[in-house]
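Chemist: Contents of final32.tsv (TSV, C-alpha atoms):
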chain	number	residue	atom	x	y	z
A	232	MET	CA	111.88	107.42	109.92
A	233	LYS	CA	109.66	109.50	107.61
A	234	ILE	CA	106.17	108.21	106.87
A	235	LEU	CA	103.54	109.60	104.49
A	236	ILE	CA	99.99	108.69	105.47
A	237	SER	CA	96.91	108.87	103.24
A	238	ASN	CA	93.54	107.13	102.93
A	239	ASP	CA	90.29	107.15	100.94
A	240	ASP	CA	87.86	107.86	103.80
A	241	GLY	CA	88.97	111.49	104.05
A	242	TYR	CA	91.26	113.43	106.37
A	243	LEU	CA	88.68	113.58	109.19
A	244	ALA	CA	88.08	109.81	109.32
A	245	PRO	CA	88.77	108.19	112.72
A	246	GLY	CA	91.03	105.59	111.10
A	247	ILE	CA	93.59	108.04	109.76
A	248	VAL	CA	93.44	110.28	112.83
A	249	MET	CA	94.20	107.40	115.22
A	250	LEU	CA	96.80	105.86	112.92
A	251	ALA	CA	98.67	109.14	112.49
A	252	SER	CA	98.73	109.70	116.25
A	253	ALA	CA	100.16	106.22	116.85
A	254	LEU	CA	102.84	106.42	114.16
A	255	ALA	CA	103.86	109.94	115.25
A	256	GLU	CA	105.09	108.41	118.52
A	257	PHE	CA	108.12	106.95	116.71
A	258	ALA	CA	108.23	108.53	113.24
A	259	ASP	CA	108.15	111.86	111.42
A	260	VAL	CA	104.63	111.76	109.99
A	261	THR	CA	103.08	113.75	107.14
A	262	VAL	CA	99.36	113.29	106.41
A	263	VAL	CA	97.94	114.14	102.98
A	264	ALA	CA	94.42	112.82	102.43
A	265	PRO	CA	91.26	113.56	100.44
A	266	ASP	CA	88.93	116.30	101.62
A	267	SER	CA	86.02	113.83	101.64
A	268	ASN	CA	85.25	110.15	101.24
A	269	ARG	CA	86.72	108.84	97.96
A	270	SER	CA	86.10	105.13	98.45
A	271	GLY	CA	86.23	103.17	95.21
A	272	ALA	CA	88.40	105.76	93.45
A	273	SER	CA	90.94	103.09	92.57
A	274	ASN	CA	94.15	104.46	91.02
A	275	ALA	CA	92.53	107.45	89.33
A	276	LEU	CA	94.47	110.69	88.95
A	277	THR	CA	92.50	113.90	88.42
A	278	LEU	CA	93.43	115.33	85.01
A	279	ASP	CA	90.33	117.36	84.08
A	280	ARG	CA	90.69	120.17	86.65
A	281	PRO	CA	93.32	121.70	88.94
A	282	LEU	CA	93.64	120.51	92.51
A	283	THR	CA	93.89	122.51	95.73
A	284	VAL	CA	95.76	121.70	98.91
A	285	GLN	CA	94.69	123.05	102.28
A	286	ARG	CA	95.97	122.45	105.80
A	287	ALA	CA	93.75	121.62	108.75
A	288	ALA	CA	94.25	122.83	112.31
A	289	ASN	CA	95.79	119.48	113.28
A	290	GLY	CA	98.46	119.80	110.60
A	291	PHE	CA	96.92	117.37	108.11
A	292	TYR	CA	96.94	118.40	104.47
A	293	PHE	CA	93.75	117.74	102.52
A	294	VAL	CA	93.23	117.68	98.76
A	295	ASN	CA	90.09	117.95	96.64
A	296	GLY	CA	91.08	114.85	94.73
A	297	THR	CA	91.59	111.11	94.87
A	298	PRO	CA	93.87	109.12	97.18
A	299	SER	CA	96.37	108.73	94.31
A	300	ASP	CA	96.27	112.49	93.77
A	301	CYS	CA	97.11	112.99	97.45
A	302	VAL	CA	100.15	110.74	97.41
A	303	HIS	CA	101.30	112.12	94.04
A	304	ILE	CA	101.10	115.72	95.26
A	305	ALA	CA	102.74	114.85	98.56
A	306	LEU	CA	105.72	113.18	96.91
A	307	THR	CA	106.22	115.73	94.14
A	308	SER	CA	105.39	118.97	95.94
A	309	ILE	CA	104.60	118.95	99.65
A	310	MET	CA	107.39	116.79	101.07
A	311	LYS	CA	110.93	118.08	100.79
A	312	GLU	CA	112.41	114.59	101.17
A	313	MET	CA	111.04	111.26	100.05
A	314	PRO	CA	109.53	109.25	102.91
A	315	ASP	CA	110.82	105.87	103.97
A	316	LEU	CA	107.31	104.39	103.90
A	317	ILE	CA	103.80	105.08	102.62
A	318	VAL	CA	100.94	104.01	104.90
A	319	SER	CA	97.30	104.10	103.80
A	320	GLY	CA	94.29	103.73	106.09
A	321	ILE	CA	93.07	102.60	108.42
A	322	ASN	CA	90.11	101.98	106.11
A	323	GLN	CA	86.56	101.51	107.34
A	324	GLY	CA	85.77	98.13	105.80
A	325	GLN	CA	87.66	95.32	104.17
A	326	ASN	CA	89.78	95.46	101.05
A	327	MET	CA	90.12	91.79	100.17
A	328	GLY	CA	90.04	89.77	96.97
A	329	ASP	CA	88.93	91.78	93.97
A	330	ASP	CA	88.28	94.80	96.22
A	331	THR	CA	91.95	95.65	95.79
A	332	LEU	CA	91.33	96.69	92.17
A	333	TYR	CA	88.73	99.28	93.20
A	334	SER	CA	90.10	100.35	96.57
A	335	GLY	CA	91.28	103.91	97.05
A	336	THR	CA	93.07	102.73	100.18
A	337	VAL	CA	95.15	100.24	98.22
A	338	ALA	CA	95.58	102.79	95.42
A	339	ALA	CA	97.20	105.32	97.75
A	340	ALA	CA	99.74	102.70	98.76
A	341	THR	CA	100.22	101.65	95.13
A	342	GLU	CA	100.95	105.22	94.06
A	343	GLY	CA	103.80	105.35	96.54
A	344	PHE	CA	105.04	101.95	95.37
A	345	LEU	CA	105.16	103.27	91.80
A	346	PHE	CA	107.55	105.93	93.07
A	347	GLY	CA	109.80	103.18	94.41
A	348	ILE	CA	108.73	103.51	98.05
A	349	SER	CA	107.56	100.61	100.21
A	350	ALA	CA	103.88	100.91	101.09
A	351	ILE	CA	101.27	99.27	103.29
A	352	ALA	CA	97.46	99.56	103.09
A	353	PHE	CA	95.53	98.86	106.30
A	354	SER	CA	91.81	98.07	106.53
A	355	GLN	CA	89.40	96.81	109.15
A	356	VAL	CA	87.31	93.87	107.99
A	357	ASN	CA	83.96	95.39	108.98
A	358	LYS	CA	82.58	98.92	108.85
A	359	GLY	CA	81.74	100.91	111.95
A	360	TRP	CA	85.20	101.42	113.50
A	361	ALA	CA	84.66	98.80	116.23
A	362	HIS	CA	87.95	98.02	118.02
A	363	LEU	CA	89.82	100.63	116.00
A	364	ASP	CA	92.36	100.80	118.83
A	365	VAL	CA	93.25	97.16	118.20
A	366	ALA	CA	93.63	97.74	114.45
A	367	THR	CA	95.84	100.72	115.19
A	368	LYS	CA	98.05	98.65	117.47
A	369	TYR	CA	98.54	95.98	114.81
A	370	ALA	CA	99.21	98.60	112.13
A	371	SER	CA	101.75	100.34	114.33
A	372	ASP	CA	103.46	97.07	115.25
A	373	LEU	CA	103.71	95.99	111.60
A	374	VAL	CA	105.20	99.34	110.59
A	375	LYS	CA	107.77	99.01	113.38
A	376	PHE	CA	108.52	95.42	112.30
A	377	GLY	CA	109.56	96.71	108.90
A	378	PHE	CA	109.44	93.36	107.05
A	379	PRO	CA	113.24	92.99	106.85
A	380	GLU	CA	112.93	89.74	104.86
A	381	LEU	CA	111.24	91.46	101.91
A	382	PRO	CA	113.07	93.16	99.03
A	383	ARG	CA	112.47	96.87	98.61
A	384	PRO	CA	110.15	98.32	97.62
A	385	TYR	CA	107.31	96.12	98.82
A	386	LEU	CA	103.54	96.61	98.56
A	387	LEU	CA	101.39	95.01	101.26
A	388	ASN	CA	97.65	94.84	101.87
A	389	VAL	CA	96.63	94.21	105.49
A	390	ASN	CA	93.11	93.38	106.74
A	391	ILE	CA	92.43	93.36	110.47
A	392	PRO	CA	89.37	91.74	112.10
A	393	ASN	CA	87.19	94.00	114.25
A	394	LEU	CA	87.84	92.04	117.41
A	395	PRO	CA	89.11	92.69	120.93
A	396	LEU	CA	92.85	92.27	121.26
A	397	HIS	CA	92.59	89.01	123.17
A	398	GLU	CA	90.43	87.43	120.44
A	399	ILE	CA	92.86	88.03	117.57
A	400	LYS	CA	94.96	84.89	117.17
A	401	GLY	CA	97.90	86.44	115.35
A	402	ILE	CA	99.09	87.38	111.88
A	403	ARG	CA	99.13	85.22	108.75
A	404	ALA	CA	100.34	85.68	105.19
A	405	ALA	CA	97.42	85.31	102.77
A	406	ARG	CA	96.68	85.30	99.06
A	407	LEU	CA	93.85	87.30	97.55
A	408	GLY	CA	90.49	85.56	97.36
A	409	LYS	CA	87.93	86.23	94.66
A	410	ARG	CA	84.41	87.63	94.55
A	411	HIS	CA	81.46	86.95	92.30
A	412	ALA	CA	80.45	89.77	89.95
A	413	SER	CA	79.05	92.86	91.66
A	414	GLU	CA	75.35	93.05	92.32
A	415	SER	CA	73.13	95.14	90.05
A	416	VAL	CA	72.88	98.90	90.24
A	417	ILE	CA	70.05	100.37	92.31
A	418	PRO	CA	67.76	102.60	90.19
A	419	MET	CA	65.97	105.56	91.78
A	420	LEU	CA	64.35	108.83	90.78
A	421	ASP	CA	65.79	112.22	91.62
A	422	PRO	CA	63.54	115.12	92.78
A	423	GLN	CA	62.96	116.09	89.13
A	424	GLY	CA	61.75	112.59	88.28
A	425	ARG	CA	64.86	111.63	86.33
A	426	GLU	CA	66.20	108.11	86.67
A	427	ILE	CA	69.45	107.84	88.62
A	428	PHE	CA	71.57	104.89	89.67
A	429	TRP	CA	73.55	103.91	92.72
A	430	ILE	CA	76.32	101.36	92.24
A	431	GLY	CA	75.28	98.13	93.97
A	432	PRO	CA	77.22	96.25	96.64
A	433	PRO	CA	80.17	94.00	95.80
A	434	GLY	CA	79.57	90.38	94.90
A	435	GLY	CA	79.74	87.59	97.43
A	436	ILE	CA	82.81	85.48	98.05
A	437	ARG	CA	83.59	83.08	95.18
A	438	ASP	CA	86.98	81.88	96.39
A	439	GLY	CA	87.38	82.05	100.15
A	440	GLY	CA	89.42	78.86	100.31
A	441	GLU	CA	92.17	78.05	102.73
A	442	GLY	CA	94.93	80.63	102.76
A	443	THR	CA	92.88	83.44	101.22
A	444	ASP	CA	92.44	86.77	102.95
A	445	PHE	CA	88.75	85.96	103.42
A	446	ASP	CA	89.65	82.67	105.09
A	447	VAL	CA	92.41	84.02	107.31
A	448	THR	CA	90.41	86.94	108.69
A	449	SER	CA	87.34	84.74	109.27
A	450	LYS	CA	89.55	82.67	111.60
A	451	ALA	CA	90.43	85.75	113.64
A	452	TYR	CA	93.88	86.34	112.16
A	453	VAL	CA	95.27	89.54	110.64
A	454	ALA	CA	95.84	88.91	106.91
A	455	VAL	CA	98.96	90.29	105.21
A	456	THR	CA	98.94	90.00	101.42
A	457	PRO	CA	101.89	91.00	99.22
A	458	LEU	CA	100.71	92.70	96.04
A	459	GLN	CA	102.29	93.42	92.65
A	460	VAL	CA	101.47	95.91	89.92
A	461	ASP	CA	102.39	93.85	86.84
A	462	LEU	CA	99.08	92.66	85.34
A	463	THR	CA	100.68	90.63	82.57
A	464	ASN	CA	99.08	87.22	82.06
A	465	PHE	CA	102.27	85.27	81.39
A	466	LYS	CA	100.45	82.06	80.40
A	467	HIS	CA	98.56	83.93	77.68
A	468	LEU	CA	101.70	85.82	76.76
A	469	ASP	CA	103.48	82.54	75.99
A	470	MET	CA	100.46	81.37	73.93
A	471	LEU	CA	100.41	84.61	71.96
A	472	ALA	CA	104.16	84.46	71.43
A	473	MET	CA	103.76	81.05	69.80
A	474	THR	CA	100.82	82.32	67.73
A	475	PHE	CA	102.76	85.23	66.28
A	476	GLU	CA	106.11	83.52	65.75
What would you get if you wrote out this structure as structure tokens?

Modeler:
Amino acid sequence: MKILISNDDGYLAPGIVMLASALAEFADVTVVAPDSNRSGASNALTLDRPLTVQRAANGFYFVNGTPSDCVHIALTSIMKEMPDLIVSGINQGQNMGDDTLYSGTVAAATEGFLFGISAIAFSQVNKGWAHLDVATKYASDLVKFGFPELPRPYLLNVNIPNLPLHEIKGIRAARLGKRHASESVIPMLDPQGREIFWIGPPGGIRDGGEGTDFDVTSKAYVAVTPLQVDLTNFKHLDMLAMTFE
């Protein structure tokens, strides 16, 4: 089994290092990840400058670009054969609800999916890497499981609570929840006295109802959410079709 691993925290992040080590025990693993933290990069591809690829002492490739850049370069240049699976993560912090639209972790998986390859994005619910060994175990087990009931290719988003192994109750399928609008930007002054802005934190939970990823993880379950790329609003499409008949 050939697996391509990427992330958005960068090639030195504990999540990708531990995940790659675990998956290498039963698969042929290639790691291509950003050279630094690219959280929030979404599905961006770098088109305004050339990209470079370097190789670290541990064999990981690192790119001065986005997570999508990394997967794109891996599939079209670095790897001689297409992998059987794309794995992204393990991310430091949740990617639930509307986070999935901004997430570089989810974007890396999505880029592989666009190439027709099944892909899974893994994230821990909280930052700080607490119980990363447990998250790694669940990620490894889910990769081994292989989701035989799903048509290929599939795209999955997995969020794992930062809990000891004995406190996690199991795995549940979940839909995406929703957040309120993001909080305001944070204005500051740079050393030259010019006004600068930091993007504010994400909005609070607006829909954390039963069966959402927010709900499932809050109850100490691992949340597995199937995603799709088609953004068509079919209800509005039908309304517009009637309008323009």

Chemist: When you count only C-alpha atoms, which of these residues is closest to Tyr385 of chain A: A:Phe344, A:Trp429, A:Tyr242, A:Phe257?

Modeler: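 Among the listed residues, the smallest separation from Tyr385 of chain A belongs to A:Phe344.
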
Chemist: Determine, for each residue of segment 369-467 of chain A having at least one atom at most 12 Å from an atom of segment 265-282 of chain A, the closest pair of atoms and their separation in Å to one decimal, counting all atoms listed in the file; order by chain and ascending number, as a Markdown table.

Modeler:
| residue | atom | partner | partner_atom | distance |
| --- | --- | --- | --- | --- |
| A:Ile430 | CA | A:Gly271 | CA | 10.5 |
| A:Pro432 | CA | A:Gly271 | CA | 11.5 |
| A:Pro433 | CA | A:Gly271 | CA | 11.0 |
| A:Val460 | CA | A:Asn274 | CA | 11.3 |

Chemist: Using only C-alpha atoms, which protein or nucleic acid residues come within 9 Å of Gly324 of chain A? Drop anything in the same chain fewer than 3 positions from it, and give the result as a list of chain:residue names.

Modeler: A:Ile321, A:Ser354, A:Gln355, A:Val356, A:Asn357, A:Lys358, A:Gly359, A:Trp360, A:Asn390

Chemist: Just checking: using only C-alpha atoms, which residue out of A:Lys311, A:Lys368, A:Arg410, A:Arg286 ends up closest to Gly246 of chain A?

Modeler: A:Lys368

Chemist: State, in Å with one decimal place, the distance from atom CA of Thr297 of chain A to atom CA of Asp315 of chain A.

Modeler: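 For atom CA of Thr297 of chain A relative to atom CA of Asp315 of chain A, the distance reads 21.9 Å.
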
Chemist: Quick one, how far is atom CA of Thr456 of chain A from atom CA of Thr331 of chain A?

Modeler: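 Between atom CA of Thr456 of chain A and atom CA of Thr331 of chain A the gap is 10.6 Å.
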
Chemist: Would you pick out the contacts of Cys301 of chain A at 9 Å or less, using all atoms listed in the file, so that residues sharing its chain but fewer than 5 positions from it are not included, and give the list as a ChimeraX atom specification?

Modeler: /A:237-238,263-265,284,292-296,306,339

Chemist: Go through A:Phe353, A:Phe445, A:Phe291, A:Phe346 and flag the residue nearest Gly328 of chain A, using only C-alpha atoms for the distances.

Modeler: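 The answer is A:Phe445, which sits nearest to Gly328 of chain A.
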
Chemist: For atom CA of Ala404 of chain A and atom CA of Val374 of chain A, determine how far apart the two atoms are, in Å to one decimal place.

Modeler: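 These two atoms are separated by 15.5 Å.
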
Chemist: With distances taken over only C-alpha atoms, which residue among A:Met232, A:Met327, A:Leu407, A:Leu386 lies nearest Gly440 of chain A?

Modeler: A:Leu407

Chemist: Using only C-alpha atoms, can you tell me which of A:Asp240, A:His362, A:His467, A:Tyr333 comes closest to Ser413 of chain A?

Modeler: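 Using only C-alpha atoms, Ser413 of chain A sits closest to A:Tyr333.
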